[in-house]
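One file, data14.txt, is given below (compact mmCIF, C-alpha atoms).
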# COMPACT_ATOMS: atom_id res chain seq x y z
CA MET A 11 0.00 0.00 0.00
CA ALA A 12 1.12 3.61 -0.54
CA ASP A 13 0.13 6.92 0.98
CA VAL A 14 0.17 9.78 -1.55
CA GLY A 15 0.30 13.56 -1.38
CA VAL A 16 1.82 16.82 -2.58
CA ARG A 17 4.17 19.07 -0.61
CA ALA A 18 6.78 21.76 -1.11
CA ALA A 19 10.12 20.38 -2.31
CA ARG A 20 13.01 20.20 0.14
CA ARG A 21 16.79 20.14 -0.33
CA GLU A 22 16.89 16.37 0.16
CA ASP A 23 14.52 15.98 -2.81
CA VAL A 24 16.88 17.52 -5.37
CA LEU A 25 18.33 14.26 -6.71
CA GLN A 26 14.92 12.60 -6.96
CA VAL A 27 13.42 15.69 -8.63
CA ALA A 28 16.15 15.72 -11.29
CA ASN A 29 15.81 11.98 -11.87
CA CYS A 30 12.03 12.26 -12.14
CA GLN A 31 12.34 15.04 -14.72
CA ILE A 32 14.82 13.12 -16.84
CA ARG A 33 12.77 9.90 -16.73
CA ALA A 34 9.57 11.77 -17.60
CA TRP A 35 11.23 13.59 -20.50
CA ARG A 36 12.82 10.45 -21.94
CA TYR A 37 9.50 8.63 -21.88
CA GLY A 38 7.09 11.45 -22.63
CA TYR A 39 9.04 13.28 -25.35
CA ARG A 40 10.48 10.33 -27.28
CA ASP A 41 7.69 10.28 -29.86
CA PHE A 42 7.99 13.89 -31.03
CA LEU A 43 11.44 15.30 -30.14
CA PRO A 44 14.49 14.43 -32.26
CA GLU A 45 16.72 11.82 -30.63
CA GLY A 46 19.85 14.00 -30.53
CA PRO A 47 18.37 17.00 -28.72
CA LEU A 48 16.47 14.72 -26.33
CA GLU A 49 19.72 12.96 -25.44
CA GLN A 50 21.36 16.34 -24.84
CA MET A 51 18.48 17.26 -22.51
CA THR A 52 18.64 14.03 -20.53
CA GLY A 53 22.23 12.73 -20.76
CA PRO A 54 24.90 12.69 -18.00
CA ALA A 55 26.12 16.25 -18.65
CA ALA A 56 22.56 17.56 -18.60
CA GLU A 57 21.85 15.67 -15.39
CA LYS A 58 24.58 17.60 -13.57
CA MET A 59 23.17 20.88 -14.86
CA TRP A 60 19.63 19.98 -13.76
CA LEU A 61 20.88 19.02 -10.31
CA ARG A 62 22.41 22.47 -9.91
CA GLN A 63 19.34 24.25 -11.25
CA TRP A 64 16.87 22.30 -9.11
CA ASP A 65 19.03 22.80 -6.03
CA GLU A 66 18.91 26.55 -6.61
CA ALA A 67 15.18 26.55 -7.39
CA ILE A 68 14.35 24.57 -4.26
CA VAL A 69 16.85 25.99 -1.76
CA ALA A 70 17.20 29.59 -2.93
CA PRO A 71 14.28 30.59 -5.16
CA PRO A 72 14.31 34.14 -6.59
CA SER A 73 11.16 35.06 -4.66
CA PRO A 74 8.50 33.54 -2.40
CA ARG A 75 6.32 33.25 -5.51
CA HIS A 76 8.77 30.83 -7.15
CA ARG A 77 7.94 27.33 -5.91
CA VAL A 78 8.70 23.68 -6.59
CA LEU A 79 6.13 21.13 -5.50
CA VAL A 80 6.58 17.36 -5.42
CA ALA A 81 4.13 14.49 -5.54
CA VAL A 82 5.20 11.73 -3.18
CA GLU A 83 4.25 8.18 -2.42
CA THR A 84 5.03 6.81 1.03
CA ILE A 85 5.25 3.05 1.04
CA LEU A 86 3.38 1.63 4.00
CA ASP A 87 4.48 -1.58 5.64
CA THR A 88 1.96 -4.28 4.89
CA GLU A 89 1.51 -7.95 5.58
CA GLY A 90 -0.33 -8.30 2.29
CA PHE A 91 2.83 -9.14 0.37
CA PRO A 92 5.01 -11.07 2.80
CA ALA A 93 7.02 -12.69 0.04
CA LEU A 94 8.12 -9.25 -1.12
CA GLY A 95 9.09 -8.02 2.31
CA ALA A 96 8.06 -4.84 4.06
CA GLY A 97 6.49 -2.37 1.67
CA GLY A 98 6.09 -4.85 -1.17
CA SER A 99 8.03 -4.53 -4.43
CA ALA A 100 8.19 -0.74 -4.14
CA ALA A 101 10.52 -1.13 -1.17
CA LEU A 102 13.24 -2.08 -3.64
CA VAL A 103 13.25 1.39 -5.19
CA THR A 104 12.00 3.61 -2.41
CA PRO A 105 14.56 5.82 -0.64
CA ARG A 106 15.26 5.39 3.03
CA GLY A 107 12.35 6.68 5.06
CA GLY A 108 9.79 5.23 2.64
CA GLU A 109 8.94 8.40 0.68
CA ARG A 110 9.55 8.63 -3.04
CA VAL A 111 9.21 11.66 -5.31
CA VAL A 112 7.00 10.54 -8.20
CA GLY A 113 6.14 13.88 -9.81
CA LEU A 114 6.91 17.58 -9.72
CA ALA A 115 5.47 20.96 -10.61
CA SER A 116 7.03 24.40 -10.51
CA HIS A 117 5.63 27.88 -11.00
CA ALA A 118 6.69 31.52 -11.02
CA PRO A 119 5.41 34.94 -12.06
CA ALA A 120 4.81 35.00 -15.82
CA GLU A 121 7.68 36.38 -17.91
CA ASP A 122 6.11 36.60 -21.37
CA PRO A 123 6.12 40.28 -22.42
CA ASP A 124 2.39 40.31 -23.21
CA LEU A 125 1.43 39.20 -19.69
CA ASP A 126 1.17 41.07 -16.38
CA PRO A 127 3.31 39.15 -13.83
CA SER A 128 1.42 40.71 -10.92
CA VAL A 129 -1.74 38.77 -11.83
CA VAL A 130 -0.53 36.06 -14.24
CA ALA A 131 1.69 33.14 -13.19
CA GLU A 132 3.38 30.51 -15.32
CA MET A 133 3.40 26.81 -14.56
CA LEU A 134 6.93 26.01 -15.65
CA THR A 135 6.90 22.27 -15.07
CA LEU A 136 4.34 19.51 -14.61
CA LEU A 137 5.83 16.02 -14.79
CA VAL A 138 5.06 12.57 -13.41
CA ASP A 139 7.47 9.63 -13.33
CA PRO A 140 6.40 7.21 -16.09
CA ASP A 141 6.21 4.34 -13.59
CA PHE A 142 3.63 6.27 -11.54
CA VAL A 143 1.23 7.69 -14.11
CA ARG A 144 -2.55 7.25 -13.88
CA ARG A 145 -2.49 7.37 -10.09
CA GLY A 146 -3.80 10.92 -9.76
CA HIS A 147 -0.42 12.55 -9.16
CA GLY A 148 -0.76 14.96 -12.08
CA SER A 149 -4.17 16.12 -10.90
CA ARG A 150 -2.95 16.58 -7.33
CA LEU A 151 0.03 18.61 -8.50
CA LEU A 152 -2.17 20.74 -10.73
CA ASN A 153 -4.69 21.37 -7.95
CA ALA A 154 -1.95 22.27 -5.48
CA THR A 155 -0.43 24.68 -8.01
CA VAL A 156 -3.77 26.44 -8.43
CA ASP A 157 -4.27 26.62 -4.65
CA TYR A 158 -0.87 28.21 -4.04
CA LEU A 159 -1.23 30.71 -6.87
CA ARG A 160 -4.76 31.68 -5.88
CA GLU A 161 -3.49 32.35 -2.34
CA ASP A 162 -0.79 34.58 -3.90
CA GLY A 163 -3.50 36.66 -5.56
CA TYR A 164 -2.99 35.49 -9.13
CA GLN A 165 -5.96 35.50 -11.48
CA GLN A 166 -4.59 33.49 -14.39
CA ILE A 167 -2.03 30.75 -15.09
CA VAL A 168 -0.30 29.99 -18.38
CA THR A 169 1.96 27.15 -19.42
CA TRP A 170 3.88 26.20 -22.55
CA VAL A 171 3.38 22.72 -24.03
CA PHE A 172 4.86 20.99 -27.06
CA ALA A 173 2.18 21.05 -29.75
CA ASP A 174 2.63 17.31 -30.37
CA ASN A 175 2.45 16.38 -26.68
CA TYR A 176 -1.13 15.21 -27.00
CA ALA A 177 -1.18 13.50 -23.61
CA VAL A 178 -0.42 16.72 -21.71
CA LEU A 179 -2.62 18.84 -23.97
CA GLY A 180 -5.53 16.49 -23.40
CA PHE A 181 -4.94 16.38 -19.66
CA LEU A 182 -4.87 20.16 -19.31
CA GLU A 183 -7.84 20.70 -21.62
CA SER A 184 -9.87 18.23 -19.55
CA ALA A 185 -8.99 20.36 -16.50
CA GLY A 186 -10.36 23.52 -18.13
CA TRP A 187 -7.24 24.93 -19.80
CA GLY A 188 -7.28 26.20 -23.38
CA GLU A 189 -4.88 27.54 -26.00
CA ASP A 190 -4.60 31.34 -26.12
CA MET A 191 -3.18 31.51 -29.69
CA ALA A 192 0.40 32.30 -28.57
CA GLU A 193 3.05 29.96 -29.92
CA ARG A 194 6.80 29.62 -30.28
CA VAL A 195 9.00 27.49 -32.52
CA LEU A 196 12.21 25.87 -31.27
CA ASP A 197 15.08 24.88 -33.58
CA MET A 198 15.94 21.31 -32.55
CA GLY A 199 17.35 20.12 -35.85
CA ARG A 200 13.84 20.63 -37.21
CA PRO A 201 11.16 23.10 -36.13
CA ILE A 202 9.38 22.08 -32.92
CA ARG A 203 6.23 24.05 -32.17
CA MET A 204 5.02 24.93 -28.67
CA VAL A 205 1.63 26.38 -27.77
CA ARG A 206 0.61 28.38 -24.74
CA LEU A 207 -2.35 27.28 -22.64
CA THR A 208 -4.13 29.34 -20.03
CA THR A 209 -6.74 28.98 -17.30
CA ASP A 210 -8.64 31.51 -15.18
CA ILE A 211 -8.34 30.99 -11.41
CA SER A 212 -9.94 34.24 -10.23
As structure tokens:
Amino acid sequence: MADVGVRAARREDVLQVANCQIRAWRYGYRDFLPEGPLEQMTGPAAEKMWLRQWDEAIVAPPSPRHRVLVAVETILDTEGFPALGAGGSAALVTPRGGERVVGLASHAPAEDPDLDPSVVAEMLTLLVDPDFVRRGHGSRLLNATVDYLREDGYQQIVTWVFADNYAVLGFLESAGWGEDMAERVLDMGRPIRMVRLTTDIS
């Protein structure tokens, strides 16, 4: 059995946060990003960079309105799977203490020049470890993000999504988000289009 929840990220989460991001990117982006750029984003050199960046984002954010949230599963000792030992099979991969980071979300004041950062925030990241999808972690992270930003006085949230990332687009649209016609194109060996989605939280 596992207890689940969302909380603010802590320094001891940095390694798990970086690993979760890399695993989610490798799995979730493999069908629409070129192999070379994806390897550059998720390879050993990139991993060191992400560790530094997540450490800074979690330990020393630029402002109180910059946050990193993590979805966690806490493996509970159970007698239901005695052959697997305490905690079942998940005990084999769960860090000491029983709690594992299985997803992450981050947000900050919006930086796009057409948006007012005093009332519009940007969800910079929303990722779930591919081994832990379809367990409600994405929804819990999204709801927690909205709760925090509403408490901060924001009225709107935007986020950028790869135009071919149909899984994320569908998830956000089912939660009431919609495209606002803004887009950007990245040069990743071939043009990769991103679209901006928005939702009203006022």
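Residues within 10 Å of A:Asp139, counting all atoms listed in the file and excluding same-chain residues fewer than 5 positions away, are Val27, Asn29, Cys30, Gln31, Ile32, Arg33, Ala34, Trp35, Tyr37, Gly38, Ala81, Val111, Val112, Gly113, Leu114, His147 and Gly148 of chain A.
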Proximity to A:Ile68 - best of A:Ile202, A:Ala18, A:Val195, A:Leu137, all atoms listed in the file: A:Ala18
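The shortest atom-to-atom distance to A:Tyr164, with all atoms listed in the file taken into account, belongs to A:Ala120 out of A:Arg145, A:Ala120, A:Leu151, A:Gly199.
Near stretch 185-188 of chain A, within 9 Å and counting only C-alpha atoms, sit Ser149, Leu152, Val168, Leu179, Gly180, Arg206, Leu207, Thr208, Thr209 and Asp210 of chain A, not including residues fewer than 5 positions from it in the same chain.
Take atom CA of A:Val130 and atom CA of A:Arg194: the distance between them is 18.8 Å.
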